[in-house]
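Pasted below: upload-v1.txt, compact mmCIF, C-alpha atoms.
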```txt
# COMPACT_ATOMS: atom_id res chain seq x y z
CA MET A 1 -22.61 -14.64 -5.15
CA ALA A 2 -18.89 -14.18 -4.50
CA ARG A 3 -17.08 -11.06 -5.70
CA ALA A 4 -13.38 -10.43 -6.30
CA SER A 5 -10.97 -7.53 -6.71
CA ILE A 6 -7.29 -6.90 -7.40
CA ASP A 7 -5.27 -3.90 -6.22
CA ILE A 8 -2.43 -3.51 -8.75
CA GLY A 9 0.23 -1.44 -7.03
CA SER A 10 3.82 -0.52 -7.82
CA ASN A 11 5.17 -3.29 -5.61
CA SER A 12 2.42 -5.83 -5.08
CA LEU A 13 -0.76 -7.26 -6.57
CA VAL A 14 -3.33 -7.94 -3.85
CA PHE A 15 -6.25 -10.24 -4.62
CA LEU A 16 -9.44 -10.46 -2.55
CA VAL A 17 -12.51 -12.68 -2.80
CA VAL A 18 -15.55 -12.14 -0.56
CA ASP A 19 -18.78 -14.11 -0.30
CA ASP A 20 -22.28 -12.72 -0.76
CA GLN A 21 -22.25 -11.54 2.88
CA GLY A 22 -19.00 -9.63 2.37
CA LYS A 23 -16.92 -12.11 4.38
CA THR A 24 -13.36 -12.67 3.17
CA ILE A 25 -12.86 -16.14 1.70
CA HIS A 26 -9.52 -15.53 -0.02
CA ASP A 27 -6.92 -12.77 0.46
CA GLU A 28 -3.53 -13.03 -1.21
CA ALA A 29 -0.61 -10.76 -2.11
CA ALA A 30 1.93 -11.35 -4.86
CA ILE A 31 4.96 -9.07 -4.65
CA VAL A 32 6.07 -8.65 -8.26
CA GLY A 33 7.61 -5.16 -8.27
CA LEU A 34 5.75 -3.99 -11.36
CA GLY A 35 6.92 -0.42 -10.76
CA LYS A 36 10.56 -1.37 -10.19
CA GLY A 37 12.89 0.74 -12.33
CA LEU A 38 9.98 2.75 -13.67
CA GLY A 39 10.98 6.21 -12.46
CA ASP A 40 8.76 9.05 -13.61
CA MET A 41 8.74 8.49 -17.38
CA GLY A 42 9.67 4.84 -17.84
CA ALA A 43 8.00 1.60 -18.77
CA PHE A 44 7.16 -1.69 -17.09
CA GLN A 45 10.15 -4.03 -17.37
CA ASP A 46 9.80 -7.36 -19.19
CA ASP A 47 10.68 -9.51 -16.18
CA ARG A 48 8.26 -7.59 -13.93
CA MET A 49 5.44 -7.96 -16.47
CA ALA A 50 6.17 -11.70 -16.72
CA ALA A 51 5.98 -12.03 -12.92
CA ALA A 52 2.74 -10.03 -12.84
CA MET A 53 1.21 -12.17 -15.60
CA VAL A 54 1.90 -15.32 -13.56
CA ALA A 55 0.02 -13.73 -10.66
CA PHE A 56 -2.90 -12.66 -12.88
CA ARG A 57 -3.26 -16.20 -14.25
CA SER A 58 -3.25 -17.60 -10.72
CA PHE A 59 -5.83 -15.04 -9.55
CA ALA A 60 -8.09 -15.80 -12.53
CA ALA A 61 -7.97 -19.52 -11.75
CA THR A 62 -8.68 -18.95 -8.05
CA ALA A 63 -11.57 -16.59 -8.83
CA SER A 64 -13.12 -19.23 -11.07
CA THR A 65 -13.01 -21.81 -8.29
CA HIS A 66 -15.15 -19.42 -6.22
CA GLY A 67 -17.64 -18.89 -9.02
CA VAL A 68 -16.29 -15.52 -10.16
CA ARG A 69 -15.51 -15.30 -13.87
CA PRO A 70 -12.24 -13.47 -14.65
CA GLY A 71 -14.18 -10.78 -16.50
CA GLN A 72 -16.13 -10.07 -13.30
CA VAL A 73 -13.01 -9.39 -11.21
CA ARG A 74 -12.63 -5.68 -10.50
CA ALA A 75 -8.94 -5.03 -11.13
CA ILE A 76 -7.72 -1.56 -10.14
CA ALA A 77 -4.33 -0.17 -11.25
CA THR A 78 -2.81 2.86 -9.56
CA SER A 79 0.37 4.95 -9.55
CA ALA A 80 2.75 2.76 -11.58
CA ALA A 81 0.15 2.26 -14.32
CA ARG A 82 -0.49 5.99 -14.53
CA ARG A 83 3.21 6.57 -15.26
CA ALA A 84 4.21 3.58 -17.40
CA ARG A 85 4.24 4.23 -21.16
CA ASN A 86 3.39 0.62 -21.91
CA ALA A 87 0.65 0.11 -19.30
CA THR A 88 -2.21 0.06 -21.82
CA GLU A 89 -0.43 -2.48 -24.01
CA PHE A 90 0.39 -4.70 -21.04
CA PHE A 91 -3.14 -4.65 -19.64
CA HIS A 92 -4.52 -5.56 -23.09
CA SER A 93 -2.26 -8.63 -22.90
CA VAL A 94 -3.58 -9.41 -19.41
CA ALA A 95 -7.15 -9.31 -20.71
CA ASP A 96 -6.26 -11.50 -23.71
CA GLN A 97 -4.43 -14.10 -21.66
CA THR A 98 -6.48 -14.21 -18.45
CA GLY A 99 -9.82 -12.52 -19.12
CA ILE A 100 -9.16 -9.95 -16.36
CA ARG A 101 -9.87 -6.39 -17.49
CA VAL A 102 -7.79 -3.75 -15.70
CA GLU A 103 -9.04 -0.26 -14.89
CA VAL A 104 -6.42 2.47 -14.40
CA ILE A 105 -7.80 4.97 -11.90
CA SER A 106 -6.82 8.53 -11.02
CA GLY A 107 -5.06 9.49 -7.82
CA MET A 108 -8.27 11.02 -6.50
CA GLU A 109 -10.29 7.86 -7.18
CA GLU A 110 -7.50 5.87 -5.56
CA ALA A 111 -7.88 8.07 -2.48
CA ARG A 112 -11.66 7.56 -2.37
CA LEU A 113 -11.39 3.77 -2.56
CA THR A 114 -8.64 3.86 0.06
CA TRP A 115 -10.98 5.67 2.46
CA LEU A 116 -13.79 3.15 1.95
CA GLY A 117 -11.57 0.10 2.29
CA GLY A 118 -9.21 1.35 4.96
CA LEU A 119 -11.94 2.05 7.50
CA HIS A 120 -13.83 -1.16 6.80
CA GLY A 121 -14.08 -3.32 9.93
CA LEU A 122 -12.38 -0.88 12.32
CA ASP A 123 -13.95 0.25 15.58
CA LEU A 124 -13.05 3.95 15.79
CA PRO A 125 -14.69 6.87 17.59
CA ASP A 126 -16.98 9.11 15.52
CA THR A 127 -14.41 11.76 14.74
CA ALA A 128 -12.20 13.27 12.04
CA VAL A 129 -9.99 10.59 10.50
CA ALA A 130 -7.15 10.55 7.97
CA VAL A 131 -6.45 7.32 6.07
CA VAL A 132 -2.89 6.95 4.77
CA ASP A 133 -2.27 4.48 1.93
CA LEU A 134 1.48 4.10 1.52
CA GLY A 135 2.16 2.31 -1.75
CA GLY A 136 5.21 1.62 -3.84
CA GLY A 137 4.73 4.55 -6.20
CA SER A 138 2.41 6.99 -4.46
CA THR A 139 0.90 7.84 -1.10
CA GLU A 140 -2.77 8.72 -0.71
CA ILE A 141 -3.99 10.70 2.30
CA VAL A 142 -7.76 10.98 2.67
CA MET A 143 -9.38 13.03 5.41
CA GLY A 144 -13.01 12.82 6.40
CA LEU A 145 -15.67 12.61 9.08
CA LEU A 146 -16.37 9.12 10.27
CA HIS A 147 -19.87 9.76 11.63
CA THR A 148 -21.14 11.11 8.31
CA GLY A 149 -18.86 9.20 5.96
CA GLN A 150 -18.04 12.52 4.28
CA VAL A 151 -14.61 12.88 2.68
CA THR A 152 -13.36 16.42 3.30
CA ASP A 153 -9.98 16.31 1.55
CA GLN A 154 -8.12 13.94 -0.78
CA GLN A 155 -4.43 14.16 -1.58
CA SER A 156 -2.31 11.92 -3.80
CA LEU A 157 1.43 12.42 -3.32
CA GLU A 158 3.84 11.08 -5.95
CA MET A 159 5.90 9.38 -3.27
CA GLY A 160 6.04 5.68 -2.47
CA THR A 161 8.48 3.18 -1.00
CA VAL A 162 9.86 1.82 -4.29
CA ARG A 163 10.08 5.28 -5.80
CA LEU A 164 11.82 6.76 -2.75
CA MET A 165 14.38 3.99 -2.40
CA GLU A 166 15.31 4.22 -6.09
CA ALA A 167 15.30 8.03 -6.30
CA PHE A 168 17.71 8.38 -3.36
CA ASP A 169 19.90 5.41 -4.25
CA VAL A 170 19.33 3.58 -0.99
CA ALA A 171 17.91 0.37 -2.46
CA ASP A 172 19.37 -3.12 -2.06
CA CYS A 173 22.21 -2.29 0.30
CA ASP A 174 23.37 -2.87 3.84
CA ARG A 175 23.34 0.05 6.28
CA TYR A 176 21.97 2.95 4.29
CA LYS A 177 24.22 5.93 3.67
CA PRO A 178 23.37 8.66 6.21
CA ALA A 179 23.52 11.49 3.65
CA ALA A 180 21.18 9.68 1.25
CA LEU A 181 18.81 8.78 4.07
CA ASP A 182 18.73 12.38 5.32
CA ALA A 183 17.98 13.61 1.80
CA MET A 184 15.13 11.12 1.50
CA LYS A 185 13.68 12.18 4.86
CA HIS A 186 13.88 15.84 3.84
CA HIS A 187 12.01 15.06 0.62
CA ILE A 188 9.34 13.12 2.54
CA HIS A 189 8.91 15.99 5.00
CA HIS A 190 8.58 18.52 2.19
CA LEU A 191 5.90 16.56 0.29
CA ILE A 192 3.84 15.72 3.37
CA HIS A 193 3.85 19.36 4.44
CA THR A 194 2.41 20.45 1.09
CA ILE A 195 -0.86 19.25 2.67
CA ASP A 196 -2.79 21.65 4.89
CA TRP A 197 -2.64 20.18 8.41
CA SER A 198 -4.07 23.28 10.11
CA GLN A 199 -7.12 21.23 11.15
CA PRO A 200 -5.44 17.91 11.99
CA PRO A 201 -7.42 14.68 12.29
CA SER A 202 -8.13 13.09 15.65
CA GLU A 203 -7.21 9.65 14.31
CA LEU A 204 -4.78 8.31 11.71
CA VAL A 205 -5.29 4.97 9.94
CA ALA A 206 -2.46 3.42 7.88
CA VAL A 207 -3.20 0.79 5.24
CA ALA A 208 -1.29 -1.41 2.76
CA GLY A 209 1.51 -3.95 3.03
CA THR A 210 4.31 -1.72 4.27
CA ALA A 211 2.26 -0.52 7.24
CA THR A 212 0.99 -4.00 8.12
CA THR A 213 4.50 -5.48 7.84
CA ILE A 214 5.98 -2.86 10.18
CA ALA A 215 3.15 -3.52 12.63
CA ALA A 216 3.86 -7.26 12.46
CA MET A 217 7.52 -6.53 13.20
CA GLU A 218 6.57 -4.43 16.22
CA LEU A 219 4.36 -7.31 17.40
CA GLY A 220 7.19 -9.80 16.86
CA LEU A 221 5.17 -11.95 14.46
CA GLN A 222 6.89 -14.70 12.50
CA VAL A 223 3.72 -15.73 10.67
CA TRP A 224 0.88 -13.52 9.49
CA ASP A 225 -1.95 -12.92 11.98
CA ARG A 226 -4.58 -10.55 10.58
CA ASP A 227 -6.50 -10.41 13.86
CA ALA A 228 -3.41 -9.16 15.69
CA VAL A 229 -2.47 -6.57 13.06
CA HIS A 230 -5.87 -5.18 12.01
CA GLY A 231 -6.71 -2.41 14.49
CA PHE A 232 -3.27 -2.46 16.15
CA THR A 233 -2.16 0.91 17.55
CA MET A 234 1.41 1.79 16.61
CA SER A 235 3.18 4.68 18.30
CA ARG A 236 5.17 7.38 16.57
CA ALA A 237 8.09 6.45 18.82
CA ALA A 238 7.98 2.87 17.52
CA LEU A 239 7.99 4.12 13.92
CA ALA A 240 11.03 6.30 14.70
CA LYS A 241 12.72 3.28 16.29
CA TRP A 242 12.14 1.14 13.19
CA THR A 243 13.28 3.90 10.83
CA ARG A 244 16.58 4.08 12.70
CA ARG A 245 16.95 0.35 13.25
CA LEU A 246 16.21 -0.59 9.63
CA ALA A 247 18.61 2.05 8.31
CA GLU A 248 21.44 0.73 10.48
CA SER A 249 20.82 -2.96 9.75
CA THR A 250 22.02 -5.44 7.14
CA HIS A 251 19.79 -6.79 4.39
CA GLN A 252 19.61 -10.16 6.15
CA GLU A 253 18.56 -8.59 9.45
CA ARG A 254 15.76 -6.73 7.68
CA VAL A 255 14.59 -9.95 6.02
CA GLU A 256 14.49 -11.74 9.38
CA TRP A 257 12.53 -8.94 11.06
CA ALA A 258 10.06 -8.77 8.15
CA ALA A 259 9.28 -12.48 8.39
CA VAL A 260 5.62 -12.05 7.38
CA SER A 261 6.62 -10.34 4.12
CA PRO A 262 10.39 -10.63 3.57
CA GLN A 263 10.15 -9.35 -0.01
CA ARG A 264 9.37 -5.91 1.43
CA ALA A 265 12.39 -5.86 3.73
CA ASP A 266 14.49 -3.29 1.86
CA LEU A 267 11.56 -0.91 1.34
CA LEU A 268 10.54 -0.64 4.97
CA VAL A 269 12.93 2.11 6.05
CA ALA A 270 11.23 4.48 3.59
CA GLY A 271 7.83 3.30 4.77
CA ALA A 272 8.59 3.80 8.45
CA ALA A 273 9.98 7.27 7.70
CA VAL A 274 6.84 8.29 5.79
CA LEU A 275 4.47 7.08 8.52
CA GLU A 276 6.54 8.72 11.25
CA THR A 277 6.47 12.02 9.33
CA VAL A 278 2.70 11.82 8.81
CA CYS A 279 2.21 11.35 12.56
CA GLY A 280 4.30 14.43 13.20
CA ALA A 281 2.42 16.52 10.65
CA ALA A 282 -0.92 15.44 12.15
CA GLN A 283 0.35 16.18 15.67
CA LEU A 284 -0.51 12.64 16.81
CA ASP A 285 1.53 10.21 18.87
CA SER A 286 0.16 7.06 17.22
CA LEU A 287 -1.79 5.61 14.33
CA THR A 288 -4.08 2.61 13.78
CA ILE A 289 -3.07 -0.15 11.37
CA SER A 290 -5.71 -1.47 8.96
CA ASP A 291 -5.48 -4.56 6.77
CA GLY A 292 -8.22 -3.05 4.58
CA GLY A 293 -7.50 -1.04 1.47
CA ILE A 294 -8.31 -0.43 -2.17
CA ARG A 295 -9.23 -4.09 -2.79
CA HIS A 296 -11.99 -3.71 -0.19
CA GLY A 297 -12.99 -0.25 -1.38
CA ALA A 298 -13.33 -1.53 -4.95
CA LEU A 299 -16.00 -3.99 -3.79
CA LEU A 300 -17.70 -1.60 -1.36
CA SER A 301 -17.88 1.24 -3.89
```

How does this structure look as structure tokens?
Amino acid sequence: MARASIDIGSNSLVFLVVDDQGKTIHDEAAIVGLGKGLGDMGAFQDDRMAAAMVAFRSFAATASTHGVRPGQVRAIATSAARRARNATEFFHSVADQTGIRVEVISGMEEARLTWLGGLHGLDLPDTAVAVVDLGGGSTEIVMGLLHTGQVTDQQSLEMGTVRLMEAFDVADCDRYKPAALDAMKHHIHHLIHTIDWSQPPSELVAVAGTATTIAAMELGLQVWDRDAVHGFTMSRAALAKWTRRLAESTHQERVEWAAVSPQRADLLVAGAAVLETVCGAAQLDSLTISDGGIRHGALLS
């Protein structure tokens, strides 16, 4: 029997259907910006909820074609839903209109599902690993031992691409202001170094759409190729290059580079800066890109 899940993030809704053997039969992302304009104490905006509802209806219909009733879809909401005052009301509407019931999870549960899904299908040495899930509203960093499957530390940082770009007023512009960009980088560095890196991992794995889009840019992809991206090793130097290049570019240049996911174009400078900083904190020169994530972890859990 097929199973389905939805990862409801601050920027995108990602929908996965697998067959009874666990093989992916449908994988789709809808970038709706549900957390846009939310801040720390705000509410989902009407136009963002309308866009999300369109995606939920489409996901419910697709799930049904694969024999999964909407009520059987495991829909997981994360950072934006934890902060939005009207999240409960909106998700009641989603259930009424589509049959999909949404579960808002804690940052720690988000980290656990990230670990399960992020490592799924990767061929890594049996060693200490940190999985980094860079979302729109928060960043989860989960450390553990691959050979035992034991999670040794879980951290949820209230820092994501949408949140960073809005907080430092560097969203939707050409050639980011150096002072604002420096302030954002300083904030990123401070938050990441609130984590104890005294026993750094031997491997870093980065998941979610920002990481996979930057990897696709480094690979020069114009169309999505999961086989090329999943398991790709990206150097810290390449992340530094993209942080600088994206900051100095125009909006149109960013859109062209991010051909596999152009809607993310203006968020990528924050994403590249976060991943570069994580590499530095972990004392590693590279990280592995994974196309897995919470949507996989929700079905593996």

Write out as a ChimeraX atom specification the residues lying within 9 Å of Thr212 of chain A, counting only C-alpha atoms and excluding same-chain residues fewer than 6 positions away. /A:206,226,229-230,289-291

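Between Leu204 of chain A and the residues A:Ser106, A:Gln155, A:Ser138, A:Ser286, the shortest atom-to-atom distance, using only C-alpha atoms, involves A:Ser286.
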
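Across the structure, atom CA of Thr114 of chain A and atom CA of Ala43 of chain A are spaced 25.2 Å apart.
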
Counting only C-alpha atoms, which residue out of A:Val205, A:Ala167, A:Leu267, A:Ile141 sits closest to Thr233 of chain A? A:Val205

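Closest approach to Gln154 of chain A among A:Ala77, A:Ala128, A:Leu38, A:Val142: A:Val142, based on all atoms listed in the file.
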
So which residues touch segment 268-275 of chain A within 10 Å, counting all atoms listed in the file, skipping near sequence neighbours fewer than 6 positions away, as a PyMOL selection string? chain A and resi 132-136+139+159-165+170-171+176+181+184-185+187-189+191-192+204+206+209-211+213-214+236+238-248+254+258+281+286-287

Within 8 Å of (-0.7, -12.4, -1.7), in the coordinates the file gives, what residues turn up when you count only C-alpha atoms, written out as a PyMOL selection string? chain A and resi 13-15+27-31

Deliver the residues from the most recent selection as a file, using C-alpha atoms, as a PDB file, keeping the file's coordinate frame.
```
ATOM      1  CA  LEU A  13      -0.760  -7.260  -6.570  1.00  0.00           C
ATOM      2  CA  VAL A  14      -3.330  -7.940  -3.850  1.00  0.00           C
ATOM      3  CA  PHE A  15      -6.250 -10.240  -4.620  1.00  0.00           C
ATOM      4  CA  ASP A  27      -6.920 -12.770   0.460  1.00  0.00           C
ATOM      5  CA  GLU A  28      -3.530 -13.030  -1.210  1.00  0.00           C
ATOM      6  CA  ALA A  29      -0.610 -10.760  -2.110  1.00  0.00           C
ATOM      7  CA  ALA A  30       1.930 -11.350  -4.860  1.00  0.00           C
ATOM      8  CA  ILE A  31       4.960  -9.070  -4.650  1.00  0.00           C
TER       9      ILE A  31
END
```

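Between atom CA of Val151 of chain A and atom CA of Ala2 of chain A the separation is 28.3 Å.
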
At a cut-off of 9 Å, using all atoms listed in the file, what residues contact Met108 of chain A? Leave out same-chain residues fewer than 2 positions from it and give the result as a PyMOL selection string. chain A and resi 105-106+110-113+140+154-156

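Between Asp285 of chain A and the candidates A:Val94, A:Met234, A:Val255, A:Ala265, the tightest atom-to-atom separation, counting only C-alpha atoms, involves A:Met234.
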
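The shell of residues at most 12 Å from Ala259 of chain A, with only C-alpha atoms counted and near chain neighbours (fewer than 5 positions) removed, consists of A:Thr212, A:Thr213, A:Ile214, A:Ala215, A:Ala216, A:Met217, A:Glu218, A:Leu219, A:Gly220, A:Leu221, A:Gln222, A:Val223, A:Trp224, A:Asp225, A:Gln252, A:Glu253, A:Arg254, A:Arg264, A:Ala265.
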
Selected residue of minimal separation from His26 of chain A among A:Ala179, A:Leu300, A:His147, A:Arg295, counting all atoms listed in the file: A:Arg295

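Across A:Ile195, A:Glu203, A:Asp227, A:Ala237, the tightest approach to Asp126 of chain A is made by A:Glu203 when counting all atoms listed in the file.
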
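Going from atom CA of Ala183 of chain A over to atom CA of Glu276 of chain A, you cover 15.6 Å.
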
Surrounding residues of Ser58 of chain A excluding itself and chain neighbours under 2 positions, 12 Å, only C-alpha atoms, as a list in words: Ile6, Leu13, Val14, Phe15, Glu28, Ala29, Ala30, Ala51, Ala52, Met53, Val54, Ala55, Phe56, Ala60, Ala61, Thr62, Ala63, Ser64, Thr65, Pro70, Val94, Gln97, Thr98, Gly99 and Ile100 of chain A

Work out where the centre of an axis-aligned box around every listed atom of segment 94-102 of chain A lies and how long its edges are once 4 Å is added on each side; give both in Å to one decimal as JSON.
```
{"center_x": -6.7, "center_y": -9.0, "center_z": -19.7, "size_x": 14.3, "size_y": 18.5, "size_z": 16.0}
```

Would you mind completing segment 55-85 of chain A so that it carries N, CA and C atoms, and writing it out as an mmCIF file, in the coordinates of the input?
```
data_model
loop_
_atom_site.group_PDB
_atom_site.id
_atom_site.type_symbol
_atom_site.label_atom_id
_atom_site.label_comp_id
_atom_site.auth_asym_id
_atom_site.auth_seq_id
_atom_site.Cartn_x
_atom_site.Cartn_y
_atom_site.Cartn_z
ATOM 1 N N ALA A 55 0.967 -14.002 -11.748
ATOM 2 C CA ALA A 55 0.020 -13.730 -10.660
ATOM 3 C C ALA A 55 -1.396 -13.569 -11.200
ATOM 4 N N PHE A 56 -1.568 -12.842 -12.304
ATOM 5 C CA PHE A 56 -2.900 -12.660 -12.880
ATOM 6 C C PHE A 56 -3.522 -14.003 -13.272
ATOM 7 N N ARG A 57 -2.737 -14.880 -13.870
ATOM 8 C CA ARG A 57 -3.260 -16.200 -14.250
ATOM 9 C C ARG A 57 -3.713 -16.970 -13.012
ATOM 10 N N SER A 58 -2.897 -16.905 -11.958
ATOM 11 C CA SER A 58 -3.250 -17.600 -10.720
ATOM 12 C C SER A 58 -4.523 -17.013 -10.120
ATOM 13 N N PHE A 59 -4.642 -15.690 -10.107
ATOM 14 C CA PHE A 59 -5.830 -15.040 -9.550
ATOM 15 C C PHE A 59 -7.071 -15.412 -10.356
ATOM 16 N N ALA A 60 -6.948 -15.448 -11.689
ATOM 17 C CA ALA A 60 -8.090 -15.800 -12.530
ATOM 18 C C ALA A 60 -8.568 -17.217 -12.225
ATOM 19 N N ALA A 61 -7.612 -18.134 -12.049
ATOM 20 C CA ALA A 61 -7.970 -19.520 -11.750
ATOM 21 C C ALA A 61 -8.645 -19.628 -10.385
ATOM 22 N N THR A 62 -8.100 -18.919 -9.392
ATOM 23 C CA THR A 62 -8.680 -18.950 -8.050
ATOM 24 C C THR A 62 -10.080 -18.340 -8.044
ATOM 25 N N ALA A 63 -10.243 -17.228 -8.741
ATOM 26 C CA ALA A 63 -11.570 -16.590 -8.830
ATOM 27 C C ALA A 63 -12.592 -17.562 -9.398
ATOM 28 N N SER A 64 -12.197 -18.283 -10.428
ATOM 29 C CA SER A 64 -13.120 -19.230 -11.070
ATOM 30 C C SER A 64 -13.552 -20.326 -10.107
ATOM 31 N N THR A 65 -12.646 -20.759 -9.239
ATOM 32 C CA THR A 65 -13.010 -21.810 -8.290
ATOM 33 C C THR A 65 -14.054 -21.326 -7.290
ATOM 34 N N HIS A 66 -14.159 -20.006 -7.118
ATOM 35 C CA HIS A 66 -15.150 -19.420 -6.220
ATOM 36 C C HIS A 66 -16.390 -18.922 -6.964
ATOM 37 N N GLY A 67 -16.467 -19.266 -8.238
ATOM 38 C CA GLY A 67 -17.640 -18.890 -9.020
ATOM 39 C C GLY A 67 -17.607 -17.488 -9.582
ATOM 40 N N VAL A 68 -16.436 -16.863 -9.590
ATOM 41 C CA VAL A 68 -16.290 -15.520 -10.160
ATOM 42 C C VAL A 68 -15.540 -15.634 -11.482
ATOM 43 N N ARG A 69 -16.183 -15.265 -12.576
ATOM 44 C CA ARG A 69 -15.510 -15.300 -13.870
ATOM 45 C C ARG A 69 -14.432 -14.215 -13.915
ATOM 46 N N PRO A 70 -13.307 -14.476 -14.594
ATOM 47 C CA PRO A 70 -12.240 -13.470 -14.650
ATOM 48 C C PRO A 70 -12.718 -12.101 -15.099
ATOM 49 N N GLY A 71 -13.662 -12.058 -16.024
ATOM 50 C CA GLY A 71 -14.180 -10.780 -16.500
ATOM 51 C C GLY A 71 -14.987 -10.031 -15.461
ATOM 52 N N GLN A 72 -15.376 -10.714 -14.376
ATOM 53 C CA GLN A 72 -16.130 -10.070 -13.300
ATOM 54 C C GLN A 72 -15.229 -9.533 -12.195
ATOM 55 N N VAL A 73 -13.947 -9.869 -12.229
ATOM 56 C CA VAL A 73 -13.010 -9.390 -11.210
ATOM 57 C C VAL A 73 -12.780 -7.899 -11.428
ATOM 58 N N ARG A 74 -12.919 -7.110 -10.375
ATOM 59 C CA ARG A 74 -12.630 -5.680 -10.500
ATOM 60 C C ARG A 74 -11.152 -5.457 -10.192
ATOM 61 N N ALA A 75 -10.382 -5.208 -11.251
ATOM 62 C CA ALA A 75 -8.940 -5.030 -11.130
ATOM 63 C C ALA A 75 -8.603 -3.548 -11.266
ATOM 64 N N ILE A 76 -7.987 -2.991 -10.231
ATOM 65 C CA ILE A 76 -7.720 -1.560 -10.140
ATOM 66 C C ILE A 76 -6.210 -1.327 -10.180
ATOM 67 N N ALA A 77 -5.749 -0.515 -11.148
ATOM 68 C CA ALA A 77 -4.330 -0.170 -11.250
ATOM 69 C C ALA A 77 -4.130 1.277 -10.834
ATOM 70 N N THR A 78 -3.005 1.537 -10.174
ATOM 71 C CA THR A 78 -2.810 2.860 -9.560
ATOM 72 C C THR A 78 -1.540 3.547 -10.089
ATOM 73 N N SER A 79 -0.699 4.023 -9.199
ATOM 74 C CA SER A 79 0.370 4.950 -9.550
ATOM 75 C C SER A 79 1.282 4.471 -10.674
ATOM 76 N N ALA A 80 1.807 3.239 -10.566
ATOM 77 C CA ALA A 80 2.750 2.760 -11.580
ATOM 78 C C ALA A 80 2.109 2.749 -12.960
ATOM 79 N N ALA A 81 0.849 2.332 -13.028
ATOM 80 C CA ALA A 81 0.150 2.260 -14.320
ATOM 81 C C ALA A 81 -0.103 3.645 -14.894
ATOM 82 N N ARG A 82 -0.278 4.628 -14.029
ATOM 83 C CA ARG A 82 -0.490 5.990 -14.530
ATOM 84 C C ARG A 82 0.784 6.556 -15.155
ATOM 85 N N ARG A 83 1.942 6.027 -14.770
ATOM 86 C CA ARG A 83 3.210 6.570 -15.260
ATOM 87 C C ARG A 83 3.833 5.744 -16.384
ATOM 88 N N ALA A 84 3.538 4.463 -16.442
ATOM 89 C CA ALA A 84 4.210 3.580 -17.400
ATOM 90 C C ALA A 84 3.692 3.803 -18.828
ATOM 91 N N ARG A 85 4.611 4.006 -19.772
ATOM 92 C CA ARG A 85 4.240 4.230 -21.160
ATOM 93 C C ARG A 85 3.559 3.023 -21.785
#
```
